[in-house]
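Chemist: Got a structure for you, final18.tsv, holding TSV, C-alpha atoms.
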```tsv
chain	number	residue	atom	x	y	z
A	1	MET	CA	-5.08	-18.21	3.28
A	2	VAL	CA	-7.52	-15.37	3.57
A	3	LYS	CA	-8.87	-15.00	7.06
A	4	HIS	CA	-12.51	-14.12	7.51
A	5	ASP	CA	-12.68	-14.45	11.26
A	6	MET	CA	-11.45	-11.05	12.33
A	7	PRO	CA	-14.33	-8.74	13.23
A	8	ALA	CA	-14.38	-5.28	11.66
A	9	ASP	CA	-14.21	-3.48	15.01
A	10	ARG	CA	-11.07	-5.45	15.81
A	11	LEU	CA	-9.56	-4.18	12.56
A	12	SER	CA	-10.32	-0.55	13.43
A	13	ALA	CA	-8.66	-1.16	16.77
A	14	THR	CA	-5.66	-2.56	14.89
A	15	PHE	CA	-5.20	0.58	12.86
A	16	ALA	CA	-5.80	2.86	15.84
A	17	ALA	CA	-3.08	0.90	17.65
A	18	LEU	CA	-0.70	1.26	14.71
A	19	ALA	CA	-1.28	5.01	14.43
A	20	ASP	CA	0.88	5.72	17.49
A	21	PRO	CA	4.67	5.92	16.97
A	22	THR	CA	5.49	4.51	20.42
A	23	ARG	CA	3.27	1.51	19.78
A	24	ARG	CA	4.90	0.99	16.38
A	25	ALA	CA	8.31	1.10	18.08
A	26	ILE	CA	7.13	-1.47	20.62
A	27	LEU	CA	6.02	-3.74	17.75
A	28	ALA	CA	9.37	-3.25	16.03
A	29	ARG	CA	11.13	-4.37	19.21
A	30	LEU	CA	8.83	-7.38	19.57
A	31	ALA	CA	9.54	-8.39	15.97
A	32	LEU	CA	13.02	-9.29	17.26
A	33	GLY	CA	11.56	-11.65	19.85
A	34	GLN	CA	9.46	-11.77	23.00
A	35	THR	CA	10.50	-9.70	25.97
A	36	SER	CA	9.39	-8.40	29.36
A	37	VAL	CA	7.55	-5.15	30.01
A	38	SER	CA	10.49	-3.60	31.89
A	39	GLU	CA	12.83	-4.54	29.00
A	40	LEU	CA	10.36	-2.94	26.55
A	41	ALA	CA	10.17	0.25	28.63
A	42	LYS	CA	13.95	0.81	28.60
A	43	PRO	CA	14.40	2.60	25.25
A	44	PHE	CA	11.40	4.85	25.92
A	45	GLU	CA	11.53	7.59	28.50
A	46	MET	CA	8.33	6.38	30.01
A	47	SER	CA	7.04	4.95	33.24
A	48	LEU	CA	6.08	1.29	33.40
A	49	PRO	CA	2.37	2.18	33.77
A	50	ALA	CA	2.60	4.32	30.61
A	51	VAL	CA	4.16	1.42	28.69
A	52	SER	CA	1.57	-0.96	30.13
A	53	LYS	CA	-1.15	1.31	28.79
A	54	HIS	CA	0.29	1.06	25.27
A	55	LEU	CA	0.59	-2.71	25.66
A	56	LYS	CA	-3.08	-2.92	26.63
A	57	VAL	CA	-4.05	-1.07	23.42
A	58	LEU	CA	-1.86	-3.40	21.35
A	59	GLU	CA	-3.28	-6.44	23.11
A	60	GLY	CA	-6.84	-5.21	22.58
A	61	ALA	CA	-6.06	-4.77	18.89
A	62	GLY	CA	-4.88	-8.35	18.63
A	63	LEU	CA	-1.34	-7.32	17.71
A	64	ILE	CA	0.44	-8.70	20.76
A	65	ALA	CA	-0.13	-11.50	23.20
A	66	ARG	CA	0.96	-11.78	26.83
A	67	ARG	CA	1.60	-14.93	28.71
A	68	ILE	CA	1.05	-15.22	32.45
A	69	ASP	CA	4.48	-16.23	33.69
A	70	GLY	CA	4.83	-15.26	37.33
A	71	SER	CA	4.93	-11.49	37.48
A	72	SER	CA	6.90	-10.87	34.26
A	73	ARG	CA	4.15	-11.48	31.66
A	74	PRO	CA	6.45	-11.48	28.62
A	75	CYS	CA	5.04	-9.92	25.43
A	76	ARG	CA	5.24	-11.27	21.91
A	77	LEU	CA	3.76	-10.36	18.54
A	78	ALA	CA	0.39	-11.99	17.85
A	79	LYS	CA	0.90	-13.56	14.46
A	80	GLU	CA	-2.72	-13.51	13.29
A	81	GLY	CA	-3.36	-9.85	14.09
A	82	VAL	CA	-0.20	-8.69	12.43
A	83	GLU	CA	-0.60	-10.94	9.41
A	84	ALA	CA	-4.06	-9.59	8.61
A	85	VAL	CA	-2.54	-6.17	7.90
A	86	ASP	CA	0.76	-7.41	6.60
A	87	GLN	CA	-0.74	-9.69	4.00
A	88	TRP	CA	-2.65	-6.90	2.29
A	89	LEU	CA	0.34	-4.54	2.40
A	90	ALA	CA	2.58	-7.24	0.95
A	91	MET	CA	0.13	-7.86	-1.89
A	92	MET	CA	-0.02	-4.14	-2.66
A	93	ARG	CA	3.76	-3.84	-2.59
A	94	LYS	CA	4.20	-6.79	-4.92
A	95	ALA	CA	1.65	-5.49	-7.44
A	96	LEU	CA	3.00	-1.93	-7.32
A	97	ASP	CA	6.63	-3.04	-7.56
A	98	ALA	CA	5.85	-5.07	-10.68
A	99	ASN	CA	3.93	-2.12	-12.18
A	100	PHE	CA	6.59	0.48	-11.51
A	101	GLU	CA	9.43	-1.70	-12.74
A	102	ARG	CA	7.59	-2.05	-16.05
A	103	LEU	CA	7.00	1.71	-16.02
A	104	ASP	CA	10.75	2.33	-15.51
A	105	VAL	CA	11.42	0.48	-18.77
A	106	LEU	CA	8.67	2.37	-20.61
A	107	LEU	CA	9.86	5.75	-19.35
A	108	ALA	CA	13.38	4.95	-20.55
A	109	GLU	CA	11.94	4.18	-24.00
A	110	MET	CA	9.86	7.37	-24.01
A	111	GLN	CA	12.78	9.45	-22.81
A	112	PRO	CA	15.43	9.42	-25.62
A	113	GLN	CA	13.14	11.27	-28.08
A	114	SER	CA	12.70	14.26	-25.79
A	115	ALA	CA	16.37	14.16	-24.82
A	116	LYS	CA	17.25	14.16	-28.54
A	117	ARG	CA	14.96	17.09	-29.14
A	118	ARG	CA	16.64	19.01	-26.35
A	119	ARG	CA	20.08	18.38	-27.82
A	120	ARG	CA	19.05	19.57	-31.30
A	121	PRO	CA	20.75	22.93	-32.11
B	1	MET	CA	16.86	-2.38	-3.02
B	2	SER	CA	13.33	-1.32	-3.84
B	3	LYS	CA	12.64	2.33	-4.57
B	4	LEU	CA	9.07	1.96	-3.36
B	5	THR	CA	7.81	2.93	0.07
B	6	LEU	CA	4.39	1.90	1.30
B	7	LYS	CA	3.28	3.30	4.62
B	8	ILE	CA	0.21	3.48	6.78
B	9	GLU	CA	-0.47	7.08	7.74
B	10	GLY	CA	-2.63	7.59	10.80
B	11	GLU	CA	-5.60	5.29	10.99
B	12	ARG	CA	-7.04	5.85	7.57
B	13	TYR	CA	-4.47	6.29	4.83
B	14	VAL	CA	-1.88	4.42	2.84
B	15	VAL	CA	0.91	6.51	1.31
B	16	VAL	CA	3.03	5.14	-1.53
B	17	THR	CA	6.15	6.91	-2.80
B	18	ARG	CA	8.34	5.98	-5.75
B	19	ARG	CA	11.17	7.70	-7.64
B	20	PHE	CA	11.40	7.59	-11.42
B	21	ALA	CA	14.32	8.49	-13.69
B	22	ALA	CA	12.14	10.65	-15.95
B	23	PRO	CA	10.74	14.17	-15.68
B	24	PRO	CA	7.29	14.76	-14.09
B	25	ALA	CA	5.64	15.41	-17.47
B	26	LEU	CA	6.48	11.89	-18.68
B	27	VAL	CA	5.52	10.14	-15.44
B	28	TYR	CA	2.27	12.12	-15.40
B	29	ARG	CA	1.55	11.10	-18.99
B	30	ALA	CA	2.14	7.45	-18.09
B	31	HIS	CA	-0.73	7.80	-15.61
B	32	VAL	CA	-3.31	9.36	-17.95
B	33	ASP	CA	-2.56	7.98	-21.44
B	34	PRO	CA	-4.46	4.69	-21.89
B	35	VAL	CA	-1.97	3.42	-24.49
B	36	VAL	CA	0.84	3.78	-21.95
B	37	ILE	CA	-1.21	2.63	-18.92
B	38	GLN	CA	-2.09	-0.63	-20.67
B	39	LYS	CA	1.61	-1.45	-20.91
B	40	TRP	CA	2.49	-1.19	-17.25
B	41	MET	CA	-0.47	-1.10	-14.83
B	42	LEU	CA	-0.79	-4.87	-14.89
B	43	GLY	CA	-0.06	-6.08	-11.37
B	44	PRO	CA	1.87	-9.31	-10.81
B	45	ALA	CA	3.38	-11.32	-13.66
B	46	GLY	CA	0.80	-13.14	-15.77
B	47	TRP	CA	-1.88	-10.44	-15.56
B	48	SER	CA	-2.94	-8.21	-18.45
B	49	MET	CA	-5.33	-5.28	-18.98
B	50	PRO	CA	-7.54	-6.05	-21.98
B	51	VAL	CA	-9.74	-2.96	-21.43
B	52	CYS	CA	-8.38	0.47	-20.54
B	53	ILE	CA	-10.59	3.55	-20.63
B	54	CYS	CA	-9.00	6.68	-19.20
B	55	GLU	CA	-10.61	10.04	-20.03
B	56	ALA	CA	-8.13	12.49	-18.55
B	57	LYS	CA	-10.41	15.45	-17.85
B	58	PRO	CA	-12.50	16.48	-14.84
B	59	LYS	CA	-15.42	14.03	-14.51
B	60	GLY	CA	-13.67	11.84	-17.11
B	61	ARG	CA	-14.33	8.13	-16.79
B	62	ILE	CA	-11.87	5.45	-15.77
B	63	ARG	CA	-12.38	1.76	-16.44
B	64	TYR	CA	-9.58	-0.79	-16.16
B	65	GLU	CA	-10.23	-4.50	-16.66
B	66	TRP	CA	-7.64	-7.04	-15.61
B	67	SER	CA	-7.36	-10.67	-16.55
B	68	ASN	CA	-5.07	-13.39	-15.20
B	69	GLY	CA	-5.25	-15.25	-18.53
B	70	GLN	CA	-6.94	-18.22	-16.85
B	71	GLY	CA	-10.51	-16.98	-16.76
B	72	GLY	CA	-9.97	-14.95	-13.61
B	73	GLY	CA	-10.10	-11.19	-13.34
B	74	PHE	CA	-11.75	-8.10	-11.97
B	75	PHE	CA	-12.31	-4.50	-12.98
B	76	LEU	CA	-12.10	-1.03	-11.59
B	77	THR	CA	-14.19	2.03	-12.40
B	78	GLY	CA	-13.64	5.62	-11.39
B	79	GLU	CA	-13.79	9.28	-12.27
B	80	PHE	CA	-11.23	12.05	-12.39
B	81	LEU	CA	-11.86	14.91	-9.98
B	82	GLU	CA	-8.88	17.15	-10.62
B	83	LEU	CA	-6.02	17.16	-13.13
B	84	VAL	CA	-3.10	19.58	-12.86
B	85	PRO	CA	-0.56	18.46	-15.47
B	86	PRO	CA	2.17	17.54	-14.77
B	87	ARG	CA	1.86	17.86	-10.99
B	88	ARG	CA	-1.29	16.37	-9.54
B	89	ILE	CA	-4.12	13.95	-10.24
B	90	VAL	CA	-7.09	13.41	-7.95
B	91	HIS	CA	-9.47	10.62	-8.79
B	92	VAL	CA	-11.95	8.34	-7.13
B	93	GLU	CA	-12.03	4.60	-7.84
B	94	ARG	CA	-13.77	1.44	-6.76
B	95	MET	CA	-13.01	-2.17	-7.51
B	96	HIS	CA	-15.64	-4.63	-8.66
B	97	LEU	CA	-14.87	-7.95	-7.01
B	98	PRO	CA	-17.54	-8.42	-8.39
B	99	ASP	CA	-19.54	-6.15	-6.03
B	100	ALA	CA	-18.29	-2.58	-5.89
B	101	THR	CA	-15.97	-1.75	-3.00
B	102	PRO	CA	-16.39	1.62	-1.21
B	103	ASP	CA	-15.09	4.61	-3.19
B	104	ASN	CA	-11.43	5.33	-2.65
B	105	ARG	CA	-10.20	8.87	-3.27
B	106	ILE	CA	-6.62	8.86	-4.49
B	107	GLU	CA	-4.34	11.84	-4.80
B	108	THR	CA	-1.21	11.37	-6.92
B	109	ARG	CA	1.51	14.01	-6.94
B	110	PHE	CA	4.53	14.26	-9.24
B	111	GLU	CA	7.39	16.42	-7.99
B	112	PRO	CA	10.69	17.17	-9.71
B	113	ASP	CA	13.48	15.30	-7.97
B	114	GLY	CA	16.84	16.09	-9.53
B	115	GLU	CA	16.63	14.78	-13.10
B	116	GLY	CA	13.71	12.58	-12.15
B	117	THR	CA	10.38	12.55	-10.38
B	118	LEU	CA	9.18	11.74	-6.90
B	119	MET	CA	5.67	10.35	-7.08
B	120	THR	CA	3.45	10.26	-3.98
B	121	MET	CA	0.10	8.48	-3.93
B	122	ARG	CA	-2.20	8.92	-0.97
B	123	MET	CA	-5.20	6.64	-0.74
B	124	THR	CA	-7.73	5.53	1.83
B	125	LEU	CA	-6.89	2.31	3.58
B	126	PRO	CA	-9.52	-0.17	2.44
B	127	ASP	CA	-11.66	-1.76	5.12
B	128	LEU	CA	-11.27	-5.39	6.11
B	129	GLU	CA	-13.92	-6.69	3.73
B	130	THR	CA	-12.36	-4.86	0.77
B	131	ARG	CA	-8.87	-6.09	1.62
B	132	THR	CA	-10.13	-9.65	2.00
B	133	ARG	CA	-11.85	-9.45	-1.37
B	134	MET	CA	-8.74	-7.95	-2.98
B	135	LEU	CA	-6.67	-10.82	-1.61
B	136	SER	CA	-9.17	-13.34	-2.91
B	137	THR	CA	-8.69	-12.12	-6.52
B	138	GLY	CA	-5.59	-14.31	-6.50
B	139	MET	CA	-3.27	-11.34	-6.93
B	140	GLU	CA	-1.47	-12.54	-3.83
B	141	HIS	CA	-0.68	-15.89	-5.47
B	142	GLY	CA	2.80	-17.01	-4.59
B	143	MET	CA	3.09	-14.42	-1.90
B	144	GLU	CA	4.29	-15.53	1.46
B	145	ALA	CA	3.03	-13.54	4.41
B	146	SER	CA	5.74	-12.83	6.88
B	147	TYR	CA	4.63	-11.35	10.14
B	148	VAL	CA	8.00	-9.89	10.98
B	149	ARG	CA	8.11	-7.89	7.77
B	150	LEU	CA	5.10	-5.65	8.41
B	151	GLU	CA	5.74	-3.45	5.40
B	152	GLY	CA	5.56	0.23	6.12
B	153	ILE	CA	4.73	-0.20	9.77
B	154	LEU	CA	7.95	-1.38	11.37
```
Show the structure stored in the file as structure tokens.

Modeler:
Amino acid sequence: MVKHDMPADRLSATFAALADPTRRAILARLALGQTSVSELAKPFEMSLPAVSKHLKVLEGAGLIARRIDGSSRPCRLAKEGVEAVDQWLAMMRKALDANFERLDVLLAEMQPQSAKRRRRP
Amino acid sequence: MSKLTLKIEGERYVVVTRRFAAPPALVYRAHVDPVVIQKWMLGPAGWSMPVCICEAKPKGRIRYEWSNGQGGGFFLTGEFLELVPPRRIVHVERMHLPDATPDNRIETRFEPDGEGTLMTMRMTLPDLETRTRMLSTGMEHGMEASYVRLEGIL
């Protein structure tokens, strides 16, 4: 279903959040499952406060959600925020894939004539 | 394995790359010759392009009309800004869904890649309203959104 409930400023925040490679890496890790902040910080040579700052941006953009669970506050992907971007990209990919596969066939048909011409003595 | 890559670049752009097993001149021609365009630029299965106007010259007009064969469809208009055969095309386009979406400037490059061509298209990421309207054309029919896939981002 198409979602109409995401405000435009939220969407700009989403793309600003996605523009940073560290934040994309954090999302990639969270795609594997929810985890704690300290676990998230491990692969990055970064202090916990620095990671927390990135998490705040991602949370503000609606891409992740954090649960209050004692002091650990595990992070997970926020399905709605991610889907809003993903759905459009998936549609584009599907349409383009179909187009370019048809174009592959056409190019192969267009090709032999020029190849023949090249081979002519 | 798909040969297509689709990536978000910075906050504003979408970059698509695709390799073709044909020289740049042929791939370029497939993007400016209406007879050829009408055979492939059709989107998902079941769609066709009954109208294809493509005047491949600076300020030349573009008009593509798509139909899903069941009374549904939309069209796109645009103009060419720059044509450098067989290397580069710059054009601006907007979709009519049915109201016109904001202009999108698209640069398409064709580079020799061995015996074939590496094509790179760089376009502006449409805003939320445009993306929502694009999705509502029904082009996404049958598509299942998967939030772990996040094409081009993860």

Chemist: Mind checking which residues fall within 7 Å of Met49 (chain B), counting all atoms listed in the file, ignoring those fewer than 2 positions away in the same chain, and posting them as a PyMOL selection string?

Modeler: chain B and resi 38+42+51-52+64-67

Chemist: Have a look at A:Asn99, A:Leu58, A:Ala108, A:Asp86 and name the one nearest to Ile37 (chain B); count only C-alpha atoms.

Modeler: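 Using only C-alpha atoms, the shortest distance to Ile37 (chain B) belongs to A:Asn99.
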
Chemist: Please report the interatomic distance between CA of Gly43 (chain B) and CA of Leu18 (chain A) in Å with one decimal.

Modeler: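 Atom-to-atom, CA of Gly43 (chain B) and CA of Leu18 (chain A) are spaced 27.1 Å apart.
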
Chemist: One number please: CA of Asp104 (chain A) to CA of Pro24 (chain B), in Å, one decimal.

Modeler: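 According to the coordinates, CA of Asp104 (chain A) and CA of Pro24 (chain B) are separated by 13.0 Å.
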
Chemist: Compile a residue-level contact table for chain A against chain B at a cut-off of 6 Å, reporting for every qualifying residue the shortest atom pair and its distance in Å to one decimal, with all atoms listed in the file counted, rows ordered by chain and ascending number, as JSON lines.

Modeler:
```
{"residue": "A:Phe15", "atom": "CA", "partner": "B:Glu11", "partner_atom": "CA", "distance": 5.1}
{"residue": "A:Ala16", "atom": "CA", "partner": "B:Glu11", "partner_atom": "CA", "distance": 5.4}
{"residue": "A:Ala19", "atom": "CA", "partner": "B:Gly10", "partner_atom": "CA", "distance": 4.7}
{"residue": "A:Ala28", "atom": "CA", "partner": "B:Leu154", "partner_atom": "CA", "distance": 5.2}
{"residue": "A:Ala31", "atom": "CA", "partner": "B:Val148", "partner_atom": "CA", "distance": 5.4}
{"residue": "A:Val82", "atom": "CA", "partner": "B:Tyr147", "partner_atom": "CA", "distance": 6.0}
{"residue": "A:Glu83", "atom": "CA", "partner": "B:Tyr147", "partner_atom": "CA", "distance": 5.3}
{"residue": "A:Asp86", "atom": "CA", "partner": "B:Leu150", "partner_atom": "CA", "distance": 5.0}
{"residue": "A:Gln87", "atom": "CA", "partner": "B:Ala145", "partner_atom": "CA", "distance": 5.4}
{"residue": "A:Met91", "atom": "CA", "partner": "B:Glu140", "partner_atom": "CA", "distance": 5.3}
{"residue": "A:Ala95", "atom": "CA", "partner": "B:Gly43", "partner_atom": "CA", "distance": 4.3}
{"residue": "A:Ala98", "atom": "CA", "partner": "B:Pro44", "partner_atom": "CA", "distance": 5.8}
{"residue": "A:Asn99", "atom": "CA", "partner": "B:Met41", "partner_atom": "CA", "distance": 5.2}
{"residue": "A:Arg102", "atom": "CA", "partner": "B:Trp40", "partner_atom": "CA", "distance": 5.3}
{"residue": "A:Leu103", "atom": "CA", "partner": "B:Trp40", "partner_atom": "CA", "distance": 5.5}
```

Chemist: Between CA of Tyr28 (chain B) and CA of Leu89 (chain A), what is the distance, to one decimal in Å?

Modeler: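 According to the coordinates, CA of Tyr28 (chain B) and CA of Leu89 (chain A) are separated by 24.5 Å.
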
Chemist: Which polymer residues have any atom within 9 Å of an atom of Ala17 (chain A), counting all atoms listed in the file, with same-chain residues fewer than 5 positions away left out, as a compact mmCIF listing (two decimals) with C-alpha atoms, keeping the file's coordinate frame?

Modeler:
```txt
# COMPACT_ATOMS: atom_id res chain seq x y z
CA SER A 12 -10.32 -0.55 13.43
CA ARG A 23 3.27 1.51 19.78
CA ARG A 24 4.90 0.99 16.38
CA HIS A 54 0.29 1.06 25.27
CA VAL A 57 -4.05 -1.07 23.42
CA LEU A 58 -1.86 -3.40 21.35
CA GLY A 60 -6.84 -5.21 22.58
CA ALA A 61 -6.06 -4.77 18.89
CA LEU A 63 -1.34 -7.32 17.71
CA GLU B 11 -5.60 5.29 10.99
```

Chemist: Will you give me region 49-86 of chain A, written with C-alpha atoms and laid out as a PDB file, in the first residue's frame?

Modeler:
```pdb
ATOM      1  CA  PRO A  49      28.722   9.100  22.198  1.00  0.00           C
ATOM      2  CA  ALA A  50      29.704   9.407  18.517  1.00  0.00           C
ATOM      3  CA  VAL A  51      27.660   6.309  17.651  1.00  0.00           C
ATOM      4  CA  SER A  52      24.779   7.590  19.778  1.00  0.00           C
ATOM      5  CA  LYS A  53      24.805  10.792  17.761  1.00  0.00           C
ATOM      6  CA  HIS A  54      24.393   8.822  14.518  1.00  0.00           C
ATOM      7  CA  LEU A  55      21.621   6.770  16.117  1.00  0.00           C
ATOM      8  CA  LYS A  56      19.790   9.961  17.084  1.00  0.00           C
ATOM      9  CA  VAL A  57      19.898  11.137  13.447  1.00  0.00           C
ATOM     10  CA  LEU A  58      18.598   7.756  12.257  1.00  0.00           C
ATOM     11  CA  GLU A  59      15.888   7.773  14.902  1.00  0.00           C
ATOM     12  CA  GLY A  60      14.861  11.322  13.990  1.00  0.00           C
ATOM     13  CA  ALA A  61      14.611  10.220  10.364  1.00  0.00           C
ATOM     14  CA  GLY A  62      12.271   7.399  11.287  1.00  0.00           C
ATOM     15  CA  LEU A  63      14.710   4.737  10.100  1.00  0.00           C
ATOM     16  CA  ILE A  64      15.374   3.078  13.444  1.00  0.00           C
ATOM     17  CA  ALA A  65      13.488   2.607  16.657  1.00  0.00           C
ATOM     18  CA  ARG A  66      14.839   2.171  20.185  1.00  0.00           C
ATOM     19  CA  ARG A  67      13.155   0.406  23.000  1.00  0.00           C
ATOM     20  CA  ILE A  68      13.663   1.385  26.625  1.00  0.00           C
ATOM     21  CA  ASP A  69      14.986  -1.815  28.145  1.00  0.00           C
ATOM     22  CA  GLY A  70      16.952  -1.002  31.268  1.00  0.00           C
ATOM     23  CA  SER A  71      20.086   0.810  30.181  1.00  0.00           C
ATOM     24  CA  SER A  72      20.729  -1.124  26.951  1.00  0.00           C
ATOM     25  CA  ARG A  73      18.082   0.459  24.669  1.00  0.00           C
ATOM     26  CA  PRO A  74      18.449  -2.032  21.807  1.00  0.00           C
ATOM     27  CA  CYS A  75      18.092  -0.622  18.278  1.00  0.00           C
ATOM     28  CA  ARG A  76      16.140  -2.076  15.398  1.00  0.00           C
ATOM     29  CA  LEU A  77      15.166  -0.958  11.907  1.00  0.00           C
ATOM     30  CA  ALA A  78      11.896   0.978  11.767  1.00  0.00           C
ATOM     31  CA  LYS A  79       9.966  -0.827   9.082  1.00  0.00           C
ATOM     32  CA  GLU A  80       7.783   2.078   7.938  1.00  0.00           C
ATOM     33  CA  GLY A  81      10.614   4.568   7.494  1.00  0.00           C
ATOM     34  CA  VAL A  82      12.752   2.162   5.562  1.00  0.00           C
ATOM     35  CA  GLU A  83       9.894   0.863   3.441  1.00  0.00           C
ATOM     36  CA  ALA A  84       8.945   4.335   2.222  1.00  0.00           C
ATOM     37  CA  VAL A  85      12.301   4.608   0.452  1.00  0.00           C
ATOM     38  CA  ASP A  86      12.675   0.956  -0.358  1.00  0.00           C
TER      39      ASP A  86
END
```
